[in-house]
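**Q** Below is the structure I would like to discuss, written out as structure tokens.
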Protein chains: 2
Amino acid sequence: MPRIVKHPELRREELLDYAQALFLTHGYDKASLNDVIAAAGISKGAFYHYFPSKEALLEALAERFARQALAGVQDIVADPALDPLGRLNALLAKSRQAKIETAAEAWALFETLFRPENLVLFHRINLAASASFSPVLVEIIRQGVEDGTFRTFDPEGVADIVMQFGTATHDVIAKAFAGGRDADMEIAIEALERRVRLYEIALDRILGLPDGSIRIGEPGYVRAVMTAHRASPSPSGAAASRKSR
Amino acid sequence: MPRIVKHPELRREELLDYAQALFLTHGYDKASLNDVIAAAGISKGAFYHYFPSKEALLEALAERFARQALAGVQDIVADPALDPLGRLNALLAKSRQAKIETAAEAWALFETLFRPENLVLFHRINLAASASFSPVLVEIIRQGVEDGTFRTFDPEGVADIVMQFGTATHDVIAKAFAGGRDADMEIAIEALERRVRLYEIALDRILGLPDGSIRIGEPGYVRAVMTAHRASPSPSGAAASRKSR
DNA sequence: TCTATTATACCGACCGGCGGTCTATTATCA
DNA sequence: TGATAATAGACCGCCGGTCGGTATAATAGA
């Protein structure tokens, strides 16, 4: 095989890209290292030059995800014009907006991310994301408590709950699609909208705010996300399905 | 090797027992099937006579866990003397009590159950347990809503939150010990007690109850659980640590 | 009650493929 | 030109899983 030398950073990113694609389509366990290096067109030796193990590759991937996600909300975090409630709502809105905008693309991601074989991958990403976001949320809540907007004795705990709600929402969405034949779609949408409203009120009350202060989903948000999926061109199901193990 | 025939049900339970021990000590991934069958003293063929795959073994184990857990609260569920709030609190109390009683033993379990290599195992157990408990919780909450004790428009959602809080508490406990040197213990205990109080109030408010209605941890509960661990005889750390892979 | 037969529990050699190691070779650049 | 980073790929031990076969238990026929 001809030897191809690339800039190390490029090669590393490339490896992460191929790994991401394969992990998402086949799952972390089922996608073998050989698959990854075959896709990337490199040798075993080259791979182990960049990562000490398959596990480390997963870790790096999770970190990249988290880094990108955090970068996406940096403007909100830094915006001096926002008060704590505004900042919190802006953060929630941003993640909501991000979901809608990338809906078609994101569905492929979400749908695969919640398949059981992707548990490990998802958990790592979530862990890394939590580690990034938690301090941000804690700080916002703490400021809110200081200036009297929020009332709670445990900002860290509330931050945890916010993130729990976030992943729980994903979970509900995933379940909706997992079992979801077209007919169930309406039911799923309604269940999800109810759930989002519940989380809003729950957060309002946990933070000692009047009901309606926290906005997670604007009207129609859920439907927008859920139907964006169906609207996408749909690559006519007949995707290759090798791999049995 | 001599051929030993046992009653199938006994053999199956035995297999689950050995698998449980090995999965917990080494993790689902790291504990190999060969380890399990060696511990159980049977052949590959015998194993595959009982379970179609290693995965199925995990599934069966999770189901057994969930079944046992559900059986433990059956009396509360069936008690006609309890009103919805009482039943919910009794359920929470039961799980609390169970934790204290089995504290020494449970620590070994919890501590291992939250090690990262046990993610998969834990998630399966949690999934199975949720599937069992969710309907029970939903029914209690629905009754509470009917008789006016609780006020919420989404009993399923609230049930989910209750269970989320449950696993989140475990998570916090696990983290406390994971990083916890003896000195940090006090801090961990306080953090956990604060968290438990937060969850209580959160549930009160989500359910439209006066603060203080829901009781997750009675005073000293957290400390009791956390210190029971240290009090236990502690098998002098030098446990064998084969396995490197 | 003593077989013949069948169903079930069990055995263990074997397989492809896995993650990971190692030595050798080639490109890069001070 | 020599050192070092980057790449190649044969190789290793072990993994989960398969398969043809054997011993035991259960059942039926005489």
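Identifiers in this document derive from the order of the structure tokens: chains are assigned A, B, ..., residues are numbered from 1 separately in each chain, and ligands are numbered from 1 in order of occurrence.
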Select, as a list of chain:residue names, those residues of chain A with any atom no more than 7 Å from chain B (distances computed using only C-alpha atoms).
**A** A:Asp154, A:Gly157, A:Arg194, A:Arg195, A:Leu198, A:Ala202, A:Arg205, A:Ile206
**Q** Show me, as a list in words, every residue of chain B with an atom at most 8 Å from chain D, counting only C-alpha atoms (C1' of nucleotides).
**A**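 Every residue meeting the condition is included here: Arg3, Val5, Ser32, Leu33, Ser53 and Lys54 of chain B.
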**Q** Return as a tab-separated table the residues of chain C lying at most 12 Å from chain A, together with the closest atom-to-atom pair for each and the distance in Å to one decimal, counting only C-alpha atoms (C1' of nucleotides), with rows in chain order and ascending residue number.
**A**
residue	atom	partner	partner_atom	distance
C:DG16	C1'	A:Arg245	CA	10.1
C:DG17	C1'	A:Arg245	CA	9.3
C:DC18	C1'	A:Ser32	CA	7.4
C:DG19	C1'	A:Leu33	CA	7.5
C:DG20	C1'	A:Ser53	CA	7.8
C:DT21	C1'	A:Gly45	CA	9.4
C:DC22	C1'	A:Gly45	CA	9.4
C:DT23	C1'	A:Gly45	CA	10.9
C:DA24	C1'	A:Gly45	CA	11.4
C:DT25	C1'	A:Arg3	CA	10.1
C:DT26	C1'	A:Arg3	CA	7.6
C:DA27	C1'	A:Val5	CA	7.3
C:DT28	C1'	A:Val5	CA	9.6
**Q** What is the distance, in Å and to one decimal place, between atom CA of B:Glu139 and atom CA of B:Leu88?
**A**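 Taking atom CA of B:Glu139 and atom CA of B:Leu88, their separation equals 10.4 Å.
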**Q** Going by DSSP on the backbone, which residues of stretch 140-205 of chain A come out as alpha helix (DSSP H)? List them as an NGL selection string.
**A** :A and (140-146 or 155-178 or 185-205)
**Q** How many Å lie between atom CA of A:Arg11 and atom CA of A:Ile42, rounded to one decimal?
**A**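 Separation between atom CA of A:Arg11 and atom CA of A:Ile42: 9.6 Å.
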**Q** So how far away is atom CA of A:Gly212 from atom CA of A:Asp147, in Å?
**A**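 Atom CA of A:Asp147 sits 19.7 Å away from atom CA of A:Gly212.
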**Q** From the set B:Thr169, B:Ile140, B:Leu121, B:Pro80, which residue has the shortest atom-to-atom contact distance to B:Gly27, counting only C-alpha atoms?
**A**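 Ranked by minimum distance to B:Gly27, first place goes to B:Leu121.
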**Q** Within 12 Å of B:Ala66, counting only C-alpha atoms (C1' of nucleotides), which residues qualify if same-chain residues fewer than 3 places away don't, as number ranges by chain?
**A** B: 59-63, 69-73, 122-134
**Q** Which residues, written as a list of chain:residue names, have at least one atom at most 10 Å from B:Phe23, with only C-alpha atoms (C1' of nucleotides) counted and residues fewer than 2 positions away on the same chain left out?
**A** B:Asp17, B:Tyr18, B:Ala19, B:Gln20, B:Ala21, B:Thr25, B:His26, B:Gly27, B:Tyr28, B:Asp29, B:Lys30, B:Ala31, B:Ser32, B:Asp35, B:Val36, B:Leu58, B:Leu61, B:Thr112, B:Leu113, B:Glu117, B:Asn118, B:Leu121
